[in-house]
file final-v9.txt (compact mmCIF, C-alpha atoms and all ligand atoms)
# COMPACT_ATOMS: atom_id res chain seq x y z
CA GLN Y 1 -0.69 -65.84 -6.11
CA VAL Y 2 -0.42 -66.70 -9.79
CA SER Y 3 0.24 -70.29 -10.88
CA ALA Y 4 1.34 -71.44 -14.29
CA SER Y 5 3.35 -74.33 -15.63
CA LEU Y 6 5.81 -75.18 -18.31
CA GLY Y 7 5.41 -78.55 -19.91
CA VAL Y 8 5.96 -80.72 -22.96
CA LYS Y 9 3.39 -82.00 -25.37
CA GLN Y 10 3.41 -85.78 -25.63
CA SER Y 11 3.08 -87.69 -28.93
CA ASP Y 12 -0.46 -88.66 -27.96
CA GLY Y 13 -1.29 -85.01 -27.56
CA ARG Y 14 -1.32 -85.02 -23.78
CA TRP Y 15 0.32 -82.16 -21.99
CA GLU Y 16 2.83 -83.25 -19.43
CA GLU Y 17 3.65 -80.77 -16.74
CA ARG Y 18 7.37 -80.45 -16.14
CA PHE Y 19 8.13 -77.23 -14.35
CA PRO Y 20 5.46 -75.77 -12.19
CA VAL Y 21 6.00 -72.04 -11.91
CA THR Y 22 4.36 -70.25 -9.07
CA SER Y 23 4.65 -66.57 -8.69
CA HIS Y 24 3.92 -64.89 -5.41
CA PHE Y 25 3.64 -61.19 -4.96
CA VAL Y 26 4.83 -59.44 -1.83
CA LEU Y 27 4.36 -55.76 -1.20
CA THR Y 28 7.23 -54.59 0.97
CA ILE Y 29 7.90 -51.16 2.40
CA LEU Y 30 11.05 -49.59 3.78
CA VAL Y 31 10.64 -47.34 6.80
CA GLY Y 32 12.85 -45.55 9.31
CA ASP Y 33 14.30 -42.10 10.04
CA SER Y 34 15.59 -39.88 7.28
CA GLY Y 35 19.18 -40.73 6.37
CA VAL Y 36 19.31 -44.31 7.74
CA GLY Y 37 19.88 -45.61 4.20
CA LYS Y 38 16.51 -46.85 2.91
CA THR Y 39 17.04 -45.62 -0.64
CA SER Y 40 20.66 -46.80 -0.65
CA LEU Y 41 19.62 -50.27 0.55
CA LEU Y 42 17.07 -50.54 -2.22
CA VAL Y 43 19.54 -49.34 -4.87
CA GLN Y 44 22.09 -51.90 -3.63
CA PHE Y 45 19.50 -54.67 -3.77
CA ASP Y 46 18.13 -53.64 -7.15
CA GLN Y 47 21.29 -52.57 -9.00
CA GLY Y 48 24.11 -53.96 -6.86
CA LYS Y 49 25.74 -50.59 -6.45
CA PHE Y 50 26.31 -47.87 -3.88
CA ILE Y 51 26.61 -44.21 -4.79
CA PRO Y 52 28.55 -42.60 -1.94
CA GLY Y 53 27.60 -39.22 -0.54
CA SER Y 54 24.52 -39.06 -2.68
CA PHE Y 55 22.11 -38.14 0.08
CA SER Y 56 18.97 -36.71 -1.43
CA ALA Y 57 16.02 -37.18 0.87
CA THR Y 58 13.18 -39.16 -0.62
CA VAL Y 59 10.16 -37.02 -1.33
CA GLY Y 60 6.91 -38.84 -0.73
CA ILE Y 61 7.35 -42.39 -1.95
CA GLY Y 62 8.85 -44.40 -4.80
CA PHE Y 63 8.78 -48.04 -5.79
CA THR Y 64 10.87 -50.76 -7.42
CA ASN Y 65 9.88 -54.22 -8.64
CA LYS Y 66 12.26 -57.10 -8.20
CA VAL Y 67 11.89 -60.84 -8.63
CA VAL Y 68 13.68 -63.10 -6.16
CA THR Y 69 13.75 -66.88 -6.00
CA VAL Y 70 12.97 -68.38 -2.64
CA ASP Y 71 13.04 -72.18 -2.29
CA ASN Y 72 12.70 -72.53 -6.10
CA VAL Y 73 9.65 -70.30 -6.15
CA LYS Y 74 9.74 -66.95 -7.87
CA VAL Y 75 8.51 -64.15 -5.69
CA LYS Y 76 7.86 -60.71 -7.06
CA LEU Y 77 8.71 -58.05 -4.54
CA GLN Y 78 7.22 -54.66 -5.01
CA ILE Y 79 9.25 -52.45 -2.72
CA TRP Y 80 8.07 -49.03 -1.66
CA ASP Y 81 10.76 -46.65 -0.46
CA THR Y 82 9.19 -44.17 1.93
CA ALA Y 83 10.44 -40.76 2.99
CA GLY Y 84 11.81 -40.69 6.53
CA GLN Y 85 11.13 -37.03 7.07
CA GLU Y 86 8.28 -36.18 9.40
CA ARG Y 87 6.61 -33.85 6.91
CA PHE Y 88 5.89 -36.75 4.55
CA ARG Y 89 4.49 -39.00 7.27
CA SER Y 90 0.84 -38.60 6.30
CA VAL Y 91 1.71 -39.71 2.74
CA THR Y 92 3.49 -42.86 3.86
CA HIS Y 93 0.83 -43.92 6.40
CA ALA Y 94 -1.51 -44.62 3.53
CA TYR Y 95 0.85 -47.31 2.22
CA TYR Y 96 1.19 -49.23 5.49
CA ARG Y 97 -2.26 -50.74 5.15
CA ASP Y 98 -1.40 -52.67 1.97
CA ALA Y 99 2.07 -53.80 3.02
CA GLN Y 100 2.71 -57.50 3.60
CA ALA Y 101 6.29 -56.97 4.70
CA LEU Y 102 8.07 -54.10 6.32
CA LEU Y 103 11.79 -53.48 6.62
CA LEU Y 104 12.40 -51.13 9.54
CA LEU Y 105 15.83 -49.50 9.50
CA TYR Y 106 18.03 -47.62 11.91
CA ASP Y 107 21.60 -46.42 11.41
CA ILE Y 108 24.17 -48.05 13.73
CA THR Y 109 26.07 -44.71 13.82
CA ASN Y 110 23.01 -42.68 14.83
CA LYS Y 111 21.52 -43.15 18.29
CA SER Y 112 18.32 -41.20 17.72
CA SER Y 113 17.47 -43.35 14.69
CA PHE Y 114 17.71 -46.36 17.04
CA ASP Y 115 15.73 -44.69 19.84
CA ASN Y 116 12.99 -43.85 17.35
CA ILE Y 117 12.43 -47.51 16.44
CA ARG Y 118 9.91 -47.87 19.28
CA ALA Y 119 7.89 -44.96 17.90
CA TRP Y 120 8.06 -46.47 14.41
CA LEU Y 121 6.75 -49.76 15.76
CA THR Y 122 3.86 -48.00 17.52
CA GLU Y 123 3.01 -46.30 14.24
CA ILE Y 124 3.30 -49.57 12.30
CA HIS Y 125 0.95 -51.33 14.71
CA GLU Y 126 -1.51 -48.50 14.34
CA TYR Y 127 -1.58 -48.38 10.53
CA ALA Y 128 -0.36 -51.73 9.17
CA GLN Y 129 -2.13 -55.10 8.91
CA GLN Y 130 -1.81 -57.26 11.98
CA ASP Y 131 -0.07 -60.07 10.12
CA VAL Y 132 2.54 -57.82 8.46
CA VAL Y 133 6.02 -59.39 8.45
CA ILE Y 134 8.45 -57.02 10.18
CA MET Y 135 12.23 -57.18 10.07
CA LEU Y 136 14.52 -54.84 12.00
CA LEU Y 137 17.73 -53.80 10.22
CA GLY Y 138 20.75 -52.02 11.68
CA ASN Y 139 22.21 -50.40 8.56
CA LYS Y 140 25.68 -48.90 7.82
CA ALA Y 141 27.36 -51.92 9.42
CA ASP Y 142 30.51 -51.04 7.42
CA MET Y 143 31.07 -47.88 9.52
CA ALA Y 144 32.75 -49.72 12.40
CA SER Y 145 34.70 -46.75 13.79
CA GLU Y 146 31.57 -44.60 14.04
CA ARG Y 147 29.33 -47.26 15.51
CA VAL Y 148 27.29 -46.14 18.56
CA ILE Y 149 24.74 -48.97 18.68
CA ARG Y 150 26.18 -52.40 19.43
CA ARG Y 151 24.86 -55.41 17.58
CA ASP Y 152 23.54 -56.95 20.82
CA GLU Y 153 21.48 -53.80 21.49
CA GLY Y 154 19.79 -54.29 18.13
CA GLU Y 155 19.24 -57.97 18.90
CA LYS Y 156 17.73 -57.13 22.28
CA LEU Y 157 15.31 -54.58 20.84
CA ALA Y 158 14.26 -57.04 18.14
CA ARG Y 159 13.69 -59.76 20.75
CA GLU Y 160 11.54 -57.41 22.86
CA HIS Y 161 9.30 -56.87 19.86
CA SER Y 162 9.51 -60.47 18.57
CA VAL Y 163 10.90 -59.47 15.19
CA PRO Y 164 13.92 -60.88 13.31
CA PHE Y 165 17.02 -58.73 13.14
CA MET Y 166 20.16 -58.36 11.08
CA GLU Y 167 22.82 -55.77 10.41
CA THR Y 168 23.20 -54.63 6.81
CA SER Y 169 25.40 -52.38 4.74
CA ALA Y 170 24.06 -50.68 1.65
CA LYS Y 171 27.68 -49.82 0.90
CA THR Y 172 29.29 -53.27 0.93
CA GLY Y 173 26.05 -55.15 0.25
CA VAL Y 174 26.41 -57.35 3.32
CA ASN Y 175 23.08 -59.07 4.19
CA VAL Y 176 21.14 -56.91 1.72
CA GLU Y 177 19.92 -59.75 -0.50
CA LEU Y 178 19.34 -61.86 2.61
CA ALA Y 179 17.12 -59.22 4.23
CA PHE Y 180 14.88 -58.87 1.20
CA THR Y 181 14.61 -62.58 0.52
CA ALA Y 182 13.87 -63.25 4.20
CA VAL Y 183 10.72 -61.14 4.07
CA ALA Y 184 9.73 -62.76 0.77
CA LYS Y 185 9.59 -66.19 2.45
N1 LIG A 201 28.81 -46.01 4.79
C1 LIG A 201 27.51 -46.17 4.52
N2 LIG A 201 26.76 -45.12 4.14
C2 LIG A 201 25.45 -45.33 3.85
C3 LIG A 201 24.86 -46.62 3.95
N3 LIG A 201 23.53 -46.51 3.62
C4 LIG A 201 23.33 -45.21 3.32
N4 LIG A 201 24.48 -44.49 3.46
C5 LIG A 201 24.63 -43.04 3.24
O1 LIG A 201 23.72 -42.37 4.12
C6 LIG A 201 23.10 -41.26 3.47
C7 LIG A 201 21.58 -41.40 3.51
O2 LIG A 201 21.18 -42.51 2.72
P1 LIG A 201 19.72 -42.60 2.03
O3 LIG A 201 19.67 -43.94 1.39
O4 LIG A 201 19.46 -41.43 1.15
O5 LIG A 201 18.76 -42.50 3.31
P2 LIG A 201 17.16 -42.62 3.40
O6 LIG A 201 16.84 -43.43 4.59
O7 LIG A 201 16.60 -43.11 2.10
O8 LIG A 201 16.69 -41.09 3.65
P3 LIG A 201 15.22 -40.42 3.40
O9 LIG A 201 14.95 -40.59 1.93
O10 LIG A 201 15.33 -38.97 3.77
O11 LIG A 201 14.23 -41.11 4.27
C8 LIG A 201 23.70 -41.21 2.06
O12 LIG A 201 24.77 -40.28 2.06
C9 LIG A 201 24.20 -42.62 1.83
O13 LIG A 201 25.30 -42.64 0.94
C10 LIG A 201 25.68 -47.73 4.37
O14 LIG A 201 25.26 -48.89 4.52
N5 LIG A 201 27.00 -47.43 4.63
call {"tool": "encode", "arguments": {"input": "final-v9.txt", "output": "structure tokens", "more": "lines below"}}
Ligand SMILES: Nc1nc2c(ncn2[C@@H]2O[C@H](COP(=O)(O)OP(=O)(O)OP(=O)(O)O)[C@@H](O)[C@H]2O)c(=O)[nH]1
result
Amino acid sequence: QVSASLGVKQSDGRWEERFPVTSHFVLTILVGDSGVGKTSLLVQFDQGKFIPGSFSATVGIGFTNKVVTVDNVKVKLQIWDTAGQERFRSVTHAYYRDAQALLLLYDITNKSSFDNIRAWLTEIHEYAQQDVVIMLLGNKADMASERVIRRDEGEKLAREHSVPFMETSAKTGVNVELAFTAVAK
């Protein structure tokens, strides 16, 4: 945590503090099966856009910095986008240890990505810090006609593991900002 302040110099030379500025730093990582939309969610959050049909699997890991304001406090999120593919797993494990927050995604149109959440949680508990903040996200909420996982199934799974849950869409942007700012709190 870095603290600084903006102030005004008084006529007697004293420095009067006006706007305390505190900057927190939160290292967040995105995890989940390949194709659930981790990169798309990050691009939507960072740039406010969605590039349809642009599926290129993440190789290894990449990161983005973004400052959000939570309760008048600036929080710098450093977000690591991990590769969902099994063959990169050993690379991404190394990053779990330093993560303070973890966004775990499944795709509401893909049952196996949902079924794999338990395995992801086992892995997270093995490699991540005990106090890591975890949030479960059911992504692609815009694809209503192809939905195979109901919202209440996501809620139930989240409850079983005592983690917060929301449905997001990297396409429409619904709940994207909310998900990232929630973990920054
Ligand atoms: N309709 C819709 N499509 C999405 C959404 N999120 C991602 N997609 C699409 O799903 C595909 C996979 O998205 P990615 O963001 O590359 O998935 P990923 O989880 O980063 O995949 P890996 O890098 O392999 O782990 C792309 O074609 C995206 O355009 C969403 O919220 N809605």
call {"tool": "residues_near_ligand", "arguments": {"input": "final-v9.txt", "ligand": "ligand LIG 201 (chain A)", "cutoff": "8 Å", "atoms": "only C-alpha atoms and all ligand atoms", "output": "ChimeraX atom specification"}}
result
/Y:31-42,50-59,81-85,105,139-143,168-173
call {"tool": "closest_residue", "arguments": {"input": "final-v9.txt", "among": "Y:Glu167, Y:Thr28, Y:Val73, Y:His125", "to": "Y:Gln100", "atoms": "all atoms listed in the file"}}
result
Y:Thr28
call {"tool": "atom_distance", "arguments": {"input": "final-v9.txt", "atom1": "atom CA of Y:Thr64", "atom2": "atom CA of Y:Trp80"}}
result
6.6 Å
call {"tool": "closest_residue", "arguments": {"input": "final-v9.txt", "among": "Y:Met135, Y:Ile124, Y:Val176, Y:Val70", "to": "Y:Pro164", "atoms": "all atoms listed in the file"}}
result
Y:Met135
call {"tool": "atom_distance", "arguments": {"input": "final-v9.txt", "atom1": "atom CA of Y:Gln129", "atom2": "atom CA of Y:Val91"}}
result
17.0 Å
call {"tool": "atom_distance", "arguments": {"input": "final-v9.txt", "atom1": "atom CA of Y:Ile134", "atom2": "atom CA of Y:Ala101"}}
result
5.9 Å
call {"tool": "residues_near_point", "arguments": {"input": "final-v9.txt", "point": "(25.0, -51.2, 21.1)", "cutoff": "12 Å", "atoms": "only C-alpha atoms", "output": "PyMOL selection string"}}
result
chain Y and resi 107-111+114-115+138+141+144+146-157+167
call {"tool": "closest_residue", "arguments": {"input": "final-v9.txt", "among": "Y:Leu30, Y:Leu136, Y:Ala99, Y:Ala94", "to": "Y:Ile117", "atoms": "all atoms listed in the file"}}
result
Y:Leu136
call {"tool": "closest_residue", "arguments": {"input": "final-v9.txt", "among": "Y:Leu103, Y:Ile61, Y:Ile79, Y:Ala128", "to": "Y:Phe165", "atoms": "all atoms listed in the file"}}
result
Y:Leu103
call {"tool": "axis_aligned_box", "arguments": {"input": "final-v9.txt", "around": "stretch 66-72 of chain Y", "padding_each_side": "4 Å", "output": "lines of an AutoDock Vina configuration file"}}
result
center_x = 12.8
center_y = -64.8
center_z = -5.5
size_x = 9.9
size_y = 23.4
size_z = 14.3
call {"tool": "closest_residue", "arguments": {"input": "final-v9.txt", "among": "Y:Val133, Y:Val68, Y:Ala119, Y:Val75", "to": "Y:Leu178", "atoms": "all atoms listed in the file"}}
result
Y:Val68
call {"tool": "closest_residue", "arguments": {"input": "final-v9.txt", "among": "Y:Val174, Y:Met166, Y:Val67, Y:Ala182", "to": "Y:Lys49", "atoms": "only C-alpha atoms"}}
result
Y:Val174
